[in-house]
Amino acid sequence: MKWLAIALAVLAAFVVALIVGPMLLGDKGYVLISLGSTAIEMTVISFCILVIGAVIAWYVLSRFVVWALSLITGSHKWFGTLGERKRKRAFYDGLHAMASGDFESAQKSLSKTTNGDFEGVNYLASAQIALANNDLSKARYFLVQASDFPNAKVAATVMHARVDMAEEKYDAALEKLDELEEKERENKQVVQLKARILAKLGKWQVLQDNLSAWRKALPKDDYTAWSQRIAKGKFAEIASKQGAVELKSYWETLPRKLRHDDAYRAAYVQQLLDQGMHADAQQLLVEWQKRGPNSALFPLFTQLNIPDASPSLRLLESWIKQDDENVELYSTLGQVAFNSGDDVLAEKALLKATKMKSRKEDLLLLSAISERQQDTATALQLYKEGQQLAG
């Protein structure tokens with residue numbers, strides 16, 4: 001409107017000038033326009049007014065065209081907004097259906113969201129549905145699509161690696177995780193999955209080299225468990241390939257810090273037991289628990305199967321003197337005595353444990369002792385009682 005007012009003001013001034021000018025000069029002048037057989041004659045004033053009117057008409061028409069185009073563009077945006085709303089509705093309907101277990105409806109709804117901006121979440125959800133339907137190829141397709149979105153890349157890669165693991169393609173899974181950016185590889189889920197893959201591949205040294213750097217990403221219990229798994233894996237590998245003698249030599253070459261680590265000690269003793277070296281295992285169990293029961297080592301006593309278990313029995317009895325209401329101590333004493341052939345001590349310890357708390361393993365062991373003594377009636381009764389209890 002501002003430009004129109006200016007144009008009208010200029011036109012008025014120009015018309016006034018055209019009228020007043022010739023009047024002052026006494027000569028209005030004329031303009032002749034010839035088009036074929038047609039001739040148009042007008043004064044200079046009329047011609048100028050016609051030209052200025054045409055300019056104004058062109059300006060008004062151009063503004064109208066611009067306004068009409070903006071109106072059409074606005075309608076397009078309105079339809080686009082309507083389409084986006086439909087896609088969002090389909091997205092939420094898909095998630096709701098997936099949560100309720102209606103995967104067919106969920107996939108149908110999510111298939112309508114491919115042109116929407118959902119940061120890859122729609123593809124992740126579609127992949128999850130495909131996995132639930134055990135359609136791994138379709139899951140892979142959706143995960144590739146999701147990985148194109150920065151915010152969904154890590155989740156898509158983790159899911160894709162899990163698909164590889166389901167098909168036992170551990171090297172491919174590890175390769176996918178290694179392709180992530182350095183910061184992305186610090187993600188907790190990435191670290192935990194990578195540790196599992198390395199364990200599956202038996203790459204214990206690689207796992208050990210990375211474990212300290214992953215400490216922040218792993219819960220404390222998981223870190224301890226992985227330390228023990230690494231130790232077990234390495235010890236088992238050495239024992240199976242080189243024998244128990246090499247295993248003992250390897251243990252002596254470990255850094256002092258590792259040889260004093262409870263997880264490594266427990267793994268080492270366990271491997272000695274697995275190799276049938278019960279005397280060596282007993283020596284270490286007794287030596288490493290002089291100050292009292294160790295939660296990582298104590299349960300290994302029950303696996304001892306050696307005629308002369310006197311060092312272990314003496315240690316357990318000394319602990320019982322300090323804590324004579326501990327069921328675990330009596331039960332373990334009974335198990336070690338039973339395995340060494342001392343049924344009298346075993347029965348005495350197990351009856352004491354059962355008196356404090358009836359447990360399946362103790363009752364079954366008492367049943368075995370009665371069977372050794374050829375007391376089948378008592379053995380059967382104790383066996384029945386044991387089976388009625390939870391393990």
# chains A, B, ... in the order shown; residues from 1 in each chain; ligands from 1
>>> residues_around(residues="A:Glu361", least_positions_apart="5", cutoff="10 Å", atoms="only C-alpha atoms", output="PyMOL selection string")
chain A and resi 331+335+350+354+366-367+383+386-387+389-391
>>> residues_around(residues="A:Ala172", least_positions_apart="5", cutoff="12 Å", atoms="only C-alpha atoms", output="NGL selection string")
:A and (157-158 or 160-167 or 177-179 or 194 or 197-198 or 201)
>>> write_last_selection(atoms="N, CA, C and O atoms", output="mmCIF file, in the first residue's frame")
data_model
loop_
_atom_site.group_PDB
_atom_site.id
_atom_site.type_symbol
_atom_site.label_atom_id
_atom_site.label_comp_id
_atom_site.auth_asym_id
_atom_site.auth_seq_id
_atom_site.Cartn_x
_atom_site.Cartn_y
_atom_site.Cartn_z
ATOM 1 N N THR A 157 23.525 -49.737 15.153
ATOM 2 C CA THR A 157 24.734 -50.565 15.048
ATOM 3 C C THR A 157 24.728 -51.674 16.094
ATOM 4 O O THR A 157 25.093 -52.824 15.803
ATOM 5 N N VAL A 158 24.322 -51.333 17.313
ATOM 6 C CA VAL A 158 24.244 -52.339 18.382
ATOM 7 C C VAL A 158 23.241 -53.434 18.013
ATOM 8 O O VAL A 158 23.523 -54.636 18.162
ATOM 9 N N HIS A 160 22.247 -54.231 15.024
ATOM 10 C CA HIS A 160 22.766 -54.969 13.873
ATOM 11 C C HIS A 160 23.817 -55.983 14.317
ATOM 12 O O HIS A 160 23.864 -57.124 13.808
ATOM 13 N N ALA A 161 24.651 -55.582 15.261
ATOM 14 C CA ALA A 161 25.668 -56.501 15.786
ATOM 15 C C ALA A 161 25.009 -57.679 16.498
ATOM 16 O O ALA A 161 25.488 -58.820 16.402
ATOM 17 N N ARG A 162 23.916 -57.428 17.185
ATOM 18 C CA ARG A 162 23.197 -58.516 17.866
ATOM 19 C C ARG A 162 22.578 -59.484 16.857
ATOM 20 O O ARG A 162 22.497 -60.684 17.111
ATOM 21 N N VAL A 163 22.133 -58.947 15.719
ATOM 22 C CA VAL A 163 21.618 -59.819 14.653
ATOM 23 C C VAL A 163 22.738 -60.728 14.150
ATOM 24 O O VAL A 163 22.543 -61.935 13.942
ATOM 25 N N ASP A 164 23.925 -60.144 13.967
ATOM 26 C CA ASP A 164 25.080 -60.945 13.548
ATOM 27 C C ASP A 164 25.392 -62.031 14.573
ATOM 28 O O ASP A 164 25.701 -63.173 14.211
ATOM 29 N N MET A 165 25.314 -61.673 15.847
ATOM 30 C CA MET A 165 25.602 -62.645 16.895
ATOM 31 C C MET A 165 24.575 -63.774 16.892
ATOM 32 O O MET A 165 24.911 -64.935 17.130
ATOM 33 N N ALA A 166 23.312 -63.427 16.615
ATOM 34 C CA ALA A 166 22.268 -64.454 16.550
ATOM 35 C C ALA A 166 22.558 -65.464 15.448
ATOM 36 O O ALA A 166 22.182 -66.634 15.545
ATOM 37 N N GLU A 167 23.251 -65.008 14.404
ATOM 38 C CA GLU A 167 23.641 -65.892 13.307
ATOM 39 C C GLU A 167 25.074 -66.384 13.457
ATOM 40 O O GLU A 167 25.647 -66.945 12.527
ATOM 41 N N LEU A 177 30.931 -52.748 15.197
ATOM 42 C CA LEU A 177 31.157 -51.932 16.392
ATOM 43 C C LEU A 177 32.449 -51.134 16.278
ATOM 44 O O LEU A 177 32.526 -49.993 16.746
ATOM 45 N N ASP A 178 33.449 -51.712 15.640
ATOM 46 C CA ASP A 178 34.731 -51.011 15.475
ATOM 47 C C ASP A 178 34.627 -49.854 14.487
ATOM 48 O O ASP A 178 35.471 -48.948 14.495
ATOM 49 N N GLU A 179 33.622 -49.865 13.628
ATOM 50 C CA GLU A 179 33.446 -48.795 12.636
ATOM 51 C C GLU A 179 32.844 -47.529 13.246
ATOM 52 O O GLU A 179 32.828 -46.476 12.607
ATOM 53 N N LYS A 194 30.634 -55.550 22.940
ATOM 54 C CA LYS A 194 31.953 -55.866 22.398
ATOM 55 C C LYS A 194 32.683 -56.869 23.297
ATOM 56 O O LYS A 194 33.376 -57.771 22.797
ATOM 57 N N ILE A 197 31.335 -60.277 22.548
ATOM 58 C CA ILE A 197 31.803 -60.797 21.267
ATOM 59 C C ILE A 197 33.242 -61.290 21.373
ATOM 60 O O ILE A 197 33.591 -62.374 20.876
ATOM 61 N N LEU A 198 34.093 -60.512 22.034
ATOM 62 C CA LEU A 198 35.490 -60.918 22.202
ATOM 63 C C LEU A 198 35.582 -62.223 22.984
ATOM 64 O O LEU A 198 36.434 -63.074 22.687
ATOM 65 N N LEU A 201 34.709 -65.051 20.716
ATOM 66 C CA LEU A 201 35.810 -65.322 19.788
ATOM 67 C C LEU A 201 37.047 -65.867 20.498
ATOM 68 O O LEU A 201 38.014 -66.246 19.845
#
>>> select_by_dssp(residues="stretch 154-318 of chain A", states="alpha helix (DSSP H)", output="PyMOL selection string")
chain A and resi 154-166+170-178+188-201+204-211+220-242+244-253+256-259+262-274+278-287+310-318
>>> atom_distance(atom1="atom CA of A:Arg372", atom2="atom CA of A:His278")
23.3 Å
>>> atom_distance(atom1="atom CA of A:Leu304", atom2="atom CA of A:Tyr268")
14.1 Å
>>> residues_around(residues="A:Lys384", least_positions_apart="4", cutoff="12 Å", atoms="only C-alpha atoms", output="number ranges by chain")
A: 360, 363-364, 366-367, 377-380, 388-389
>>> write_last_selection(atoms="N, CA, C and O atoms", output="PDB file, in the first residue's frame")
ATOM      1  N   LYS A 360      18.210 -78.418  50.370  1.00  0.00           N
ATOM      2  CA  LYS A 360      18.159 -79.578  49.491  1.00  0.00           C
ATOM      3  C   LYS A 360      19.508 -80.279  49.387  1.00  0.00           C
ATOM      4  O   LYS A 360      19.596 -81.518  49.520  1.00  0.00           O
ATOM      5  N   LEU A 363      20.428 -82.297  52.554  1.00  0.00           N
ATOM      6  CA  LEU A 363      19.600 -83.493  52.730  1.00  0.00           C
ATOM      7  C   LEU A 363      19.980 -84.583  51.722  1.00  0.00           C
ATOM      8  O   LEU A 363      20.020 -85.768  52.065  1.00  0.00           O
ATOM      9  N   LEU A 364      20.256 -84.212  50.507  1.00  0.00           N
ATOM     10  CA  LEU A 364      20.666 -85.195  49.501  1.00  0.00           C
ATOM     11  C   LEU A 364      22.016 -85.802  49.837  1.00  0.00           C
ATOM     12  O   LEU A 364      22.265 -86.990  49.580  1.00  0.00           O
ATOM     13  N   LEU A 366      23.171 -86.150  52.938  1.00  0.00           N
ATOM     14  CA  LEU A 366      22.884 -87.064  54.055  1.00  0.00           C
ATOM     15  C   LEU A 366      22.272 -88.361  53.539  1.00  0.00           C
ATOM     16  O   LEU A 366      22.550 -89.458  54.066  1.00  0.00           O
ATOM     17  N   SER A 367      21.436 -88.244  52.507  1.00  0.00           N
ATOM     18  CA  SER A 367      20.858 -89.439  51.897  1.00  0.00           C
ATOM     19  C   SER A 367      21.948 -90.321  51.307  1.00  0.00           C
ATOM     20  O   SER A 367      21.908 -91.558  51.434  1.00  0.00           O
ATOM     21  N   ALA A 377      16.296 -97.216  53.947  1.00  0.00           N
ATOM     22  CA  ALA A 377      15.055 -96.567  54.372  1.00  0.00           C
ATOM     23  C   ALA A 377      15.305 -95.094  54.711  1.00  0.00           C
ATOM     24  O   ALA A 377      14.573 -94.190  54.268  1.00  0.00           O
ATOM     25  N   THR A 378      16.366 -94.868  55.496  1.00  0.00           N
ATOM     26  CA  THR A 378      16.707 -93.486  55.858  1.00  0.00           C
ATOM     27  C   THR A 378      17.146 -92.700  54.634  1.00  0.00           C
ATOM     28  O   THR A 378      16.793 -91.528  54.469  1.00  0.00           O
ATOM     29  N   ALA A 379      17.901 -93.367  53.761  1.00  0.00           N
ATOM     30  CA  ALA A 379      18.379 -92.708  52.533  1.00  0.00           C
ATOM     31  C   ALA A 379      17.197 -92.262  51.675  1.00  0.00           C
ATOM     32  O   ALA A 379      17.176 -91.139  51.153  1.00  0.00           O
ATOM     33  N   LEU A 380      16.192 -93.133  51.542  1.00  0.00           N
ATOM     34  CA  LEU A 380      15.022 -92.803  50.733  1.00  0.00           C
ATOM     35  C   LEU A 380      14.229 -91.655  51.345  1.00  0.00           C
ATOM     36  O   LEU A 380      13.778 -90.750  50.634  1.00  0.00           O
ATOM     37  N   GLN A 388      11.715 -82.250  47.899  1.00  0.00           N
ATOM     38  CA  GLN A 388      10.572 -81.368  48.140  1.00  0.00           C
ATOM     39  C   GLN A 388      10.983 -79.923  48.383  1.00  0.00           C
ATOM     40  O   GLN A 388      10.146 -79.015  48.356  1.00  0.00           O
ATOM     41  N   LEU A 389      12.278 -79.732  48.614  1.00  0.00           N
ATOM     42  CA  LEU A 389      12.770 -78.371  48.858  1.00  0.00           C
ATOM     43  C   LEU A 389      13.343 -77.768  47.584  1.00  0.00           C
ATOM     44  O   LEU A 389      13.825 -78.479  46.693  1.00  0.00           O
TER      45      LEU A 389
END
>>> closest_atom_pairs(of="stretch 151-232 of chain A", to="stretch 260-266 of chain A", cutoff="7 Å", atoms="only C-alpha atoms", output="Markdown table")
| residue | atom | partner | partner_atom | distance |
| --- | --- | --- | --- | --- |
| A:Thr224 | CA | A:Ala263 | CA | 6.9 |
| A:Ser227 | CA | A:Ala263 | CA | 6.3 |
| A:Gln228 | CA | A:Ala263 | CA | 4.6 |
| A:Ala231 | CA | A:Tyr264 | CA | 5.5 |
>>> write_last_selection(atoms="all heavy atoms", output="compact mmCIF listing (two decimals), in the first residue's frame")
# COMPACT_ATOMS: atom_id res chain seq x y z
N THR A 224 34.11 -57.12 37.60
CA THR A 224 34.68 -58.25 38.34
C THR A 224 34.42 -59.56 37.62
O THR A 224 35.30 -60.42 37.50
CB THR A 224 34.10 -58.31 39.76
OG1 THR A 224 34.35 -57.06 40.43
CG2 THR A 224 34.71 -59.45 40.55
N SER A 227 36.63 -59.86 34.63
CA SER A 227 38.01 -60.16 35.04
C SER A 227 38.16 -61.66 35.27
O SER A 227 39.14 -62.28 34.84
CB SER A 227 38.36 -59.40 36.32
OG SER A 227 38.37 -58.02 36.10
N GLN A 228 37.15 -62.23 35.92
CA GLN A 228 37.20 -63.65 36.22
C GLN A 228 37.04 -64.47 34.93
O GLN A 228 37.71 -65.50 34.75
CB GLN A 228 36.11 -64.02 37.21
CG GLN A 228 36.27 -65.42 37.79
CD GLN A 228 35.44 -65.62 39.04
OE1 GLN A 228 34.81 -64.70 39.52
NE2 GLN A 228 35.45 -66.83 39.56
N ALA A 231 40.28 -64.46 33.06
CA ALA A 231 41.25 -65.36 33.69
C ALA A 231 40.90 -66.82 33.38
O ALA A 231 41.77 -67.61 33.00
CB ALA A 231 41.25 -65.12 35.20
>>> atom_distance(atom1="atom CA of A:Tyr123", atom2="atom CA of A:Glu181")
21.3 Å
>>> residues_around(residues="A:Gln282", least_positions_apart="3", cutoff="9 Å", atoms="only C-alpha atoms", output="number ranges by chain")
A: 269, 277-279, 285-287, 301, 304, 306, 309, 311-312
>>> write_last_selection(atoms="all heavy atoms", output="short mmCIF file (atom, residue, chain, number, x, y, z; two decimals), in the first residue's frame")
data_model
loop_
_atom_site.label_atom_id
_atom_site.label_comp_id
_atom_site.auth_asym_id
_atom_site.auth_seq_id
_atom_site.Cartn_x
_atom_site.Cartn_y
_atom_site.Cartn_z
N VAL A 269 42.40 -71.53 40.61
CA VAL A 269 42.06 -72.72 41.42
C VAL A 269 41.03 -73.58 40.68
O VAL A 269 41.12 -74.81 40.68
CB VAL A 269 41.53 -72.30 42.81
CG1 VAL A 269 40.99 -73.52 43.56
CG2 VAL A 269 42.62 -71.63 43.61
N MET A 277 43.96 -81.50 39.57
CA MET A 277 45.05 -81.21 40.51
C MET A 277 44.47 -80.69 41.82
O MET A 277 44.68 -79.56 42.23
CB MET A 277 46.00 -80.19 39.87
CG MET A 277 46.57 -80.66 38.53
SD MET A 277 47.66 -79.47 37.74
CE MET A 277 49.09 -79.55 38.82
N HIS A 278 43.76 -81.57 42.52
CA HIS A 278 43.03 -81.17 43.72
C HIS A 278 43.96 -80.86 44.89
O HIS A 278 43.65 -80.00 45.72
CB HIS A 278 42.05 -82.28 44.12
CG HIS A 278 40.90 -82.40 43.16
ND1 HIS A 278 39.64 -81.93 43.44
CD2 HIS A 278 40.83 -82.93 41.90
CE1 HIS A 278 38.84 -82.18 42.41
NE2 HIS A 278 39.55 -82.79 41.47
N ALA A 279 45.08 -81.55 44.98
CA ALA A 279 46.03 -81.28 46.07
C ALA A 279 46.59 -79.87 45.95
O ALA A 279 46.69 -79.13 46.94
CB ALA A 279 47.17 -82.31 46.05
N LEU A 285 43.82 -72.86 48.32
CA LEU A 285 42.59 -72.45 49.02
C LEU A 285 42.87 -72.21 50.50
O LEU A 285 42.34 -71.25 51.09
CB LEU A 285 41.51 -73.52 48.86
CG LEU A 285 40.83 -73.60 47.49
CD1 LEU A 285 39.87 -74.79 47.44
CD2 LEU A 285 40.07 -72.31 47.19
N VAL A 286 43.68 -73.04 51.08
CA VAL A 286 44.01 -72.88 52.50
C VAL A 286 44.95 -71.69 52.70
O VAL A 286 44.75 -70.86 53.60
CB VAL A 286 44.66 -74.17 53.05
CG1 VAL A 286 45.19 -73.94 54.47
CG2 VAL A 286 43.65 -75.31 53.04
N GLU A 287 45.95 -71.60 51.85
CA GLU A 287 46.95 -70.53 51.99
C GLU A 287 46.34 -69.15 51.78
O GLU A 287 46.65 -68.20 52.51
CB GLU A 287 48.07 -70.76 50.99
CG GLU A 287 49.16 -69.70 51.04
CD GLU A 287 50.25 -69.94 50.00
OE1 GLU A 287 50.29 -71.06 49.45
OE2 GLU A 287 51.03 -69.00 49.74
N PHE A 301 35.71 -74.95 47.82
CA PHE A 301 36.00 -76.05 48.74
C PHE A 301 35.14 -77.28 48.41
O PHE A 301 35.61 -78.42 48.51
CB PHE A 301 35.74 -75.63 50.19
CG PHE A 301 36.93 -75.02 50.87
CD1 PHE A 301 36.85 -73.74 51.40
CD2 PHE A 301 38.12 -75.72 51.01
CE1 PHE A 301 37.93 -73.16 52.05
CE2 PHE A 301 39.21 -75.15 51.66
CZ PHE A 301 39.12 -73.86 52.18
N LEU A 304 36.50 -79.97 46.09
CA LEU A 304 37.67 -80.78 46.44
C LEU A 304 37.28 -82.25 46.58
O LEU A 304 36.31 -82.59 47.24
CB LEU A 304 38.28 -80.29 47.76
CG LEU A 304 39.05 -78.97 47.72
CD1 LEU A 304 39.47 -78.56 49.13
CD2 LEU A 304 40.27 -79.07 46.81
N ILE A 306 39.57 -85.27 47.45
CA ILE A 306 40.93 -85.71 47.74
C ILE A 306 40.92 -86.52 49.05
O ILE A 306 40.22 -86.15 50.00
CB ILE A 306 41.87 -84.48 47.85
CG1 ILE A 306 43.30 -84.89 48.07
CG2 ILE A 306 41.39 -83.53 48.93
CD1 ILE A 306 44.27 -83.71 48.01
N ALA A 309 42.04 -84.48 53.07
CA ALA A 309 41.51 -83.12 53.07
C ALA A 309 41.68 -82.46 54.43
O ALA A 309 41.00 -81.47 54.74
CB ALA A 309 40.03 -83.14 52.68
N PRO A 311 43.97 -80.45 55.75
CA PRO A 311 44.23 -79.00 55.83
C PRO A 311 42.94 -78.18 55.68
O PRO A 311 42.72 -77.21 56.42
CB PRO A 311 45.19 -78.74 54.68
CG PRO A 311 45.87 -80.06 54.46
CD PRO A 311 44.81 -81.08 54.72
N SER A 312 42.10 -78.58 54.76
CA SER A 312 40.83 -77.87 54.53
C SER A 312 39.88 -78.07 55.71
O SER A 312 39.22 -77.11 56.16
CB SER A 312 40.16 -78.36 53.25
OG SER A 312 40.97 -78.11 52.13
#
>>> residues_around(residues="A:Lys290", least_positions_apart="6", cutoff="12 Å", atoms="only C-alpha atoms", output="PyMOL selection string")
chain A and resi 283-284+297-298+311-312+314-316+318-319
